[in-house]
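Everything below belongs to run-v1.txt, which stores compact mmCIF, C-alpha atoms.
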# COMPACT_ATOMS: atom_id res chain seq x y z
CA MET C 2 -12.42 10.92 28.59
CA PRO C 3 -9.90 9.35 26.19
CA SER C 4 -6.86 7.71 27.69
CA PHE C 5 -3.57 8.85 26.21
CA ARG C 6 -2.06 5.41 26.75
CA ASN C 7 -5.00 3.46 25.32
CA ASP C 8 -6.28 5.82 22.62
CA ILE C 9 -3.33 7.91 21.39
CA LEU C 10 -0.19 5.80 21.80
CA PRO C 11 -1.56 2.90 19.71
CA LEU C 12 -1.74 5.33 16.76
CA LYS C 13 2.03 5.89 16.85
CA ASP C 14 2.85 3.43 14.02
CA LYS C 15 0.14 4.81 11.73
CA LEU C 16 1.34 8.34 12.40
CA PHE C 17 4.92 7.29 11.69
CA ARG C 18 4.02 5.71 8.34
CA LEU C 19 2.13 8.84 7.32
CA ALA C 20 4.95 11.14 8.44
CA LEU C 21 7.49 8.99 6.59
CA ARG C 22 5.46 9.19 3.36
CA ILE C 23 5.38 12.98 3.63
CA THR C 24 8.88 13.78 4.93
CA MET C 25 10.65 10.90 3.13
CA GLN C 26 13.21 10.81 5.96
CA ARG C 27 13.06 8.31 8.83
CA GLU C 28 14.58 10.72 11.37
CA ASP C 29 12.27 13.55 10.29
CA ALA C 30 9.26 11.25 10.54
CA GLU C 31 10.27 10.27 14.06
CA ASP C 32 10.57 13.95 14.98
CA VAL C 33 7.15 14.68 13.48
CA VAL C 34 5.53 11.85 15.44
CA GLN C 35 7.18 13.08 18.62
CA GLU C 36 5.94 16.63 17.97
CA THR C 37 2.47 15.24 17.27
CA MET C 38 2.44 13.27 20.52
CA ILE C 39 3.59 16.33 22.46
CA LYS C 40 0.83 18.43 20.92
CA LEU C 41 -1.78 15.77 21.68
CA TRP C 42 -0.47 15.43 25.24
CA SER C 43 -0.68 19.17 25.75
CA GLN C 44 -4.32 19.05 24.59
CA ARG C 45 -5.23 15.94 26.61
CA GLU C 46 -7.74 17.90 28.72
CA THR C 47 -9.81 18.78 25.64
CA LEU C 48 -9.52 15.52 23.67
CA ASP C 49 -12.88 14.30 24.95
CA ARG C 50 -14.51 16.99 22.79
CA ILE C 51 -13.06 15.44 19.62
CA ASP C 52 -15.49 13.17 17.74
CA ASN C 53 -12.89 11.14 15.87
CA LEU C 54 -9.66 11.06 17.84
CA GLU C 55 -7.76 9.04 15.24
CA ALA C 56 -8.68 11.45 12.43
CA PHE C 57 -7.67 14.37 14.63
CA ALA C 58 -4.30 12.76 15.45
CA ILE C 59 -3.65 12.01 11.77
CA THR C 60 -4.56 15.58 10.84
CA VAL C 61 -2.17 16.98 13.45
CA CYS C 62 0.58 14.64 12.22
CA ARG C 63 -0.01 15.53 8.57
CA ASN C 64 0.13 19.24 9.31
CA LYS C 65 3.28 18.84 11.41
CA ALA C 66 4.90 16.78 8.63
CA LEU C 67 4.02 19.36 5.98
CA ASP C 68 5.37 22.14 8.18
CA HIS C 69 8.54 20.12 8.74
CA VAL C 70 9.04 19.62 4.99
CA LYS C 71 8.57 23.32 4.37
CA ARG C 72 11.09 24.20 7.10
CA THR C 73 13.79 21.73 6.17
CA ALA C 74 13.42 21.15 2.40
CA ALA C 75 13.65 17.37 2.92
CA GLY C 76 15.73 15.15 0.65
CA THR C 77 14.70 11.72 -0.56
CA LEU C 78 14.63 8.42 1.29
CA SER C 79 14.78 4.97 -0.11
CA LEU C 80 11.86 3.19 1.49
CA ASP C 81 13.33 -0.26 1.01
CA GLU C 82 14.00 -0.40 4.72
CA GLY C 83 10.73 -1.61 6.10
CA VAL C 84 9.83 -3.45 2.90
CA SER C 85 9.07 -7.00 3.80
CA ILE C 86 8.06 -10.02 1.83
CA SER C 87 5.45 -12.44 3.03
CA GLU C 88 6.78 -15.60 4.55
CA GLY C 89 4.77 -17.61 2.04
CA SER C 90 7.27 -16.80 -0.71
CA VAL C 91 9.01 -20.11 -1.25
CA ASN C 92 10.98 -19.38 -4.38
CA PRO C 93 13.94 -17.04 -3.70
CA TYR C 94 13.60 -15.55 -7.18
CA GLU C 95 9.97 -14.67 -6.49
CA SER C 96 11.02 -13.14 -3.20
CA ILE C 97 13.68 -10.98 -4.84
CA TYR C 98 11.27 -10.04 -7.63
CA ALA C 99 8.58 -9.04 -5.12
CA GLN C 100 11.09 -7.01 -3.09
CA GLU C 101 12.32 -5.18 -6.19
CA SER C 102 8.73 -4.54 -7.26
CA LEU C 103 7.94 -2.98 -3.88
CA ARG C 104 11.06 -0.81 -4.03
CA HIS C 105 10.10 0.34 -7.50
CA ILE C 106 6.54 1.20 -6.47
CA ASN C 107 7.76 3.01 -3.35
CA ALA C 108 10.15 5.04 -5.50
CA LEU C 109 7.28 5.90 -7.83
CA MET C 110 5.09 6.92 -4.89
CA LEU C 111 7.79 9.29 -3.67
CA GLN C 112 7.55 11.11 -7.00
CA LEU C 113 3.82 11.74 -6.67
CA PRO C 114 2.55 15.15 -5.59
CA GLU C 115 2.06 15.32 -1.82
CA LYS C 116 -1.76 15.27 -1.90
CA GLN C 117 -1.86 12.25 -4.20
CA ARG C 118 0.76 10.43 -2.14
CA THR C 119 -1.02 11.15 1.14
CA CYS C 120 -4.48 10.21 -0.18
CA MET C 121 -3.14 6.97 -1.63
CA HIS C 122 -1.26 6.16 1.57
CA LEU C 123 -4.30 6.75 3.78
CA ARG C 124 -6.53 4.67 1.49
CA ASP C 125 -4.25 1.81 0.48
CA PHE C 126 -1.94 1.48 3.49
CA GLU C 127 -4.07 2.74 6.37
CA GLY C 128 -7.44 1.48 5.06
CA LYS C 129 -9.25 4.80 5.53
CA ASN C 130 -12.50 5.44 3.68
CA TYR C 131 -13.02 8.48 1.45
CA ARG C 132 -14.91 10.43 4.14
CA GLU C 133 -12.15 9.89 6.71
CA ILE C 134 -9.48 10.94 4.22
CA ALA C 135 -11.48 14.03 3.28
CA ASP C 136 -11.79 14.98 6.96
CA ILE C 137 -8.09 14.42 7.61
CA MET C 138 -6.93 16.34 4.56
CA GLN C 139 -9.67 18.96 4.73
CA ILE C 140 -10.74 18.43 1.13
CA THR C 141 -13.91 17.04 -0.44
CA GLU C 142 -14.53 13.34 -1.00
CA ASP C 143 -14.51 14.00 -4.76
CA GLN C 144 -11.05 15.54 -4.46
CA VAL C 145 -9.90 12.48 -2.50
CA LYS C 146 -11.21 10.16 -5.24
CA ILE C 147 -9.56 12.25 -7.95
CA ASN C 148 -6.21 12.30 -6.13
CA ILE C 149 -6.28 8.53 -5.58
CA PHE C 150 -7.31 7.90 -9.19
CA ARG C 151 -4.51 10.11 -10.52
CA ALA C 152 -1.92 8.56 -8.18
CA ARG C 153 -2.85 5.02 -9.18
CA LYS C 154 -2.94 5.93 -12.87
CA THR C 155 0.51 7.54 -12.67
CA ILE C 156 1.99 4.50 -10.96
CA ARG C 157 0.24 2.07 -13.33
CA GLU C 158 1.58 3.98 -16.35
CA ALA C 159 5.09 4.19 -14.90
CA VAL C 160 5.11 0.46 -14.14
CA GLY C 161 3.96 -0.23 -17.70
CA ARG C 162 6.80 1.92 -19.08
CA SER C 163 9.55 0.27 -17.05
CA ASP C 164 10.97 -1.94 -19.79
CA GLY C 165 12.26 -5.25 -18.62
CA PHE C 166 11.52 -4.60 -14.96
CA TYR C 167 8.30 -6.56 -14.89
CA GLY C 168 8.99 -9.10 -17.46

Output the file's structure as structure tokens, nothing else.
Amino acid sequence: MPSFRNDILPLKDKLFRLALRITMQREDAEDVVQETMIKLWSQRETLDRIDNLEAFAITVCRNKALDHVKRTAAGTLSLDEGVSISEGSVNPYESIYAQESLRHINALMLQLPEKQRTCMHLRDFEGKNYREIADIMQITEDQVKINIFRARKTIREAVGRSDGFYG
């Protein structure tokens, strides 16, 4: 039987990042994670029947976040809080440049359609494979690949259009 403390609680940060990408509001994401944890806790007796507990938790979180967005018509959030630069950046100009680049890419990601944004987040930030993403989002692997391709293409094109920002 899965342990809530050992199997569910360690997923909290992943769930938060996903909820933040969907709701675009830190407080809303925290609420979504709390609701997700409550739902998982209430189902703790049946969690041993779940094959992939992490995928199940992410699915619950995603659905809660989407419901939350529908209920509250969320605004936008600047994701620059939480943006960090690697400590290996020696040159302060490179550090500022990298930070601005991350802010720009985060802003572009917020403009993506929800499915593209979620697929890209799960693949690029959470390291999920196509099958896991398909299970979480309840779509086919081909649809996952298409959404990721379109998201990356949109961001690549937008970065290429941003005159002067990248050089």

Between C:Pro3, C:Asp68, C:Gln35, C:Gln26, which one has atoms that come closest to Ile51 of chain C, using all atoms listed in the file? C:Pro3

Looking at all atoms listed in the file, which of C:Arg132, C:Arg162, C:Val34, C:Lys116 is the one that sits closest to Ile149 of chain C?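 Answer, going by the shortest atom-to-atom distance: C:Lys116.
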
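Nearest-residue note for Leu19 of chain C: choosing from C:Gln44, C:Asn53, C:Gln112, C:Asn64, the minimum distance belongs to C:Asn64, counting only C-alpha atoms.
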
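When atom CA of Thr24 of chain C is paired with atom CA of Glu142 of chain C, their separation reads 24.2 Å.
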
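Comparing the minimum interatomic distances between Asp32 of chain C and each of C:Met121, C:Leu10, C:Ala20, C:Ala108, counting all atoms listed in the file, we find that C:Ala20 sits nearest.
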
Atom CA of Cys62 of chain C to atom CA of Val33 of chain C: how many Å, to one decimal? 6.7 Å

Point-to-point distance in Å for atom CA of Asn107 of chain C and atom CA of Leu54 of chain C: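 If I compute the distance from atom CA of Leu54 of chain C to atom CA of Asn107 of chain C, I get 28.6 Å.
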
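With all atoms listed in the file taken into account, the protein and nucleic acid residues at most 10 Å from His122 of chain C (excluding it and anything under 3 positions from it in its own chain) are Arg18, Leu19, Arg22, Ile23, Met110, Lys116, Gln117, Arg118, Thr119, Asp125, Phe126, Glu127, Gly128, Lys129, Ile134 and Ile149 of chain C.
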
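Proximity to Asp49 of chain C was assessed for C:Ile97, C:Val145, C:Met2, C:Leu111 counting only C-alpha atoms; the smallest distance is recorded for C:Met2.
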
Quick one: 6 Å padding each side, axis-aligned, all listed atoms of segment 116-132 of chain C - centre and edge lengths in Å to one decimal, as AutoDock Vina command-line options?
--center_x -7.1 --center_y 8.4 --center_z 1.1 --size_x 27.7 --size_y 25.8 --size_z 22.6

Completion step: segment 31-57 of chain C with N, CA, C and O atoms as an mmCIF file, in the coordinates of the input:
data_model
loop_
_atom_site.group_PDB
_atom_site.id
_atom_site.type_symbol
_atom_site.label_atom_id
_atom_site.label_comp_id
_atom_site.auth_asym_id
_atom_site.auth_seq_id
_atom_site.Cartn_x
_atom_site.Cartn_y
_atom_site.Cartn_z
ATOM 1 N N GLU C 31 10.251 10.495 12.610
ATOM 2 C CA GLU C 31 10.270 10.270 14.060
ATOM 3 C C GLU C 31 10.074 11.577 14.819
ATOM 4 O O GLU C 31 9.334 11.634 15.799
ATOM 5 N N ASP C 32 10.727 12.636 14.351
ATOM 6 C CA ASP C 32 10.570 13.950 14.980
ATOM 7 C C ASP C 32 9.126 14.437 14.871
ATOM 8 O O ASP C 32 8.573 14.972 15.836
ATOM 9 N N VAL C 33 8.525 14.245 13.702
ATOM 10 C CA VAL C 33 7.150 14.680 13.480
ATOM 11 C C VAL C 33 6.194 13.937 14.418
ATOM 12 O O VAL C 33 5.306 14.543 15.019
ATOM 13 N N VAL C 34 6.389 12.627 14.554
ATOM 14 C CA VAL C 34 5.530 11.850 15.440
ATOM 15 C C VAL C 34 5.705 12.321 16.882
ATOM 16 O O VAL C 34 4.724 12.471 17.626
ATOM 17 N N GLN C 35 6.938 12.596 17.263
ATOM 18 C CA GLN C 35 7.180 13.080 18.620
ATOM 19 C C GLN C 35 6.484 14.432 18.839
ATOM 20 O O GLN C 35 5.842 14.651 19.866
ATOM 21 N N GLU C 36 6.604 15.331 17.863
ATOM 22 C CA GLU C 36 5.940 16.630 17.970
ATOM 23 C C GLU C 36 4.420 16.455 18.041
ATOM 24 O O GLU C 36 3.742 17.159 18.787
ATOM 25 N N THR C 37 3.906 15.517 17.263
ATOM 26 C CA THR C 37 2.470 15.240 17.270
ATOM 27 C C THR C 37 2.027 14.742 18.640
ATOM 28 O O THR C 37 1.019 15.207 19.190
ATOM 29 N N MET C 38 2.784 13.813 19.195
ATOM 30 C CA MET C 38 2.440 13.270 20.520
ATOM 31 C C MET C 38 2.499 14.362 21.595
ATOM 32 O O MET C 38 1.643 14.411 22.476
ATOM 33 N N ILE C 39 3.475 15.234 21.495
ATOM 34 C CA ILE C 39 3.590 16.330 22.460
ATOM 35 C C ILE C 39 2.382 17.258 22.344
ATOM 36 O O ILE C 39 1.794 17.660 23.354
ATOM 37 N N LYS C 40 1.995 17.565 21.118
ATOM 38 C CA LYS C 40 0.830 18.430 20.920
ATOM 39 C C LYS C 40 -0.431 17.769 21.467
ATOM 40 O O LYS C 40 -1.245 18.412 22.142
ATOM 41 N N LEU C 41 -0.604 16.490 21.184
ATOM 42 C CA LEU C 41 -1.780 15.770 21.680
ATOM 43 C C LEU C 41 -1.772 15.701 23.209
ATOM 44 O O LEU C 41 -2.806 15.841 23.846
ATOM 45 N N TRP C 42 -0.586 15.478 23.778
ATOM 46 C CA TRP C 42 -0.470 15.430 25.240
ATOM 47 C C TRP C 42 -0.842 16.777 25.849
ATOM 48 O O TRP C 42 -1.546 16.837 26.852
ATOM 49 N N SER C 43 -0.384 17.843 25.203
ATOM 50 C CA SER C 43 -0.680 19.170 25.750
ATOM 51 C C SER C 43 -2.173 19.498 25.642
ATOM 52 O O SER C 43 -2.670 20.352 26.386
ATOM 53 N N GLN C 44 -2.884 18.823 24.755
ATOM 54 C CA GLN C 44 -4.320 19.050 24.590
ATOM 55 C C GLN C 44 -5.159 17.940 25.232
ATOM 56 O O GLN C 44 -6.348 17.833 24.959
ATOM 57 N N ARG C 45 -4.547 17.109 26.056
ATOM 58 C CA ARG C 45 -5.230 15.940 26.610
ATOM 59 C C ARG C 45 -6.509 16.294 27.378
ATOM 60 O O ARG C 45 -7.437 15.507 27.420
ATOM 61 N N GLU C 46 -6.561 17.479 27.952
ATOM 62 C CA GLU C 46 -7.740 17.900 28.720
ATOM 63 C C GLU C 46 -8.955 18.112 27.812
ATOM 64 O O GLU C 46 -10.086 17.972 28.258
ATOM 65 N N THR C 47 -8.709 18.453 26.553
ATOM 66 C CA THR C 47 -9.810 18.780 25.640
ATOM 67 C C THR C 47 -10.092 17.675 24.614
ATOM 68 O O THR C 47 -10.981 17.832 23.785
ATOM 69 N N LEU C 48 -9.361 16.584 24.664
ATOM 70 C CA LEU C 48 -9.520 15.520 23.670
ATOM 71 C C LEU C 48 -10.886 14.850 23.717
ATOM 72 O O LEU C 48 -11.331 14.291 22.714
ATOM 73 N N ASP C 49 -11.562 14.929 24.860
ATOM 74 C CA ASP C 49 -12.880 14.300 24.950
ATOM 75 C C ASP C 49 -13.919 15.034 24.115
ATOM 76 O O ASP C 49 -14.983 14.501 23.828
ATOM 77 N N ARG C 50 -13.605 16.229 23.659
ATOM 78 C CA ARG C 50 -14.510 16.990 22.790
ATOM 79 C C ARG C 50 -14.358 16.617 21.317
ATOM 80 O O ARG C 50 -15.145 17.041 20.486
ATOM 81 N N ILE C 51 -13.340 15.832 21.003
ATOM 82 C CA ILE C 51 -13.060 15.440 19.620
ATOM 83 C C ILE C 51 -13.905 14.216 19.271
ATOM 84 O O ILE C 51 -13.892 13.228 20.005
ATOM 85 N N ASP C 52 -14.652 14.294 18.162
ATOM 86 C CA ASP C 52 -15.490 13.170 17.740
ATOM 87 C C ASP C 52 -14.669 11.976 17.291
ATOM 88 O O ASP C 52 -14.919 10.853 17.686
ATOM 89 N N ASN C 53 -13.699 12.221 16.414
ATOM 90 C CA ASN C 53 -12.890 11.140 15.870
ATOM 91 C C ASN C 53 -11.429 11.407 16.229
ATOM 92 O O ASN C 53 -10.729 12.136 15.534
ATOM 93 N N LEU C 54 -10.997 10.811 17.316
ATOM 94 C CA LEU C 54 -9.660 11.060 17.840
ATOM 95 C C LEU C 54 -8.567 10.642 16.866
ATOM 96 O O LEU C 54 -7.565 11.335 16.701
ATOM 97 N N GLU C 55 -8.752 9.513 16.194
ATOM 98 C CA GLU C 55 -7.760 9.040 15.240
ATOM 99 C C GLU C 55 -7.612 10.016 14.074
ATOM 100 O O GLU C 55 -6.500 10.364 13.676
ATOM 101 N N ALA C 56 -8.727 10.479 13.532
ATOM 102 C CA ALA C 56 -8.680 11.450 12.430
ATOM 103 C C ALA C 56 -8.002 12.738 12.880
ATOM 104 O O ALA C 56 -7.218 13.329 12.131
ATOM 105 N N PHE C 57 -8.294 13.161 14.097
ATOM 106 C CA PHE C 57 -7.670 14.370 14.630
ATOM 107 C C PHE C 57 -6.156 14.182 14.747
ATOM 108 O O PHE C 57 -5.376 15.045 14.330
#
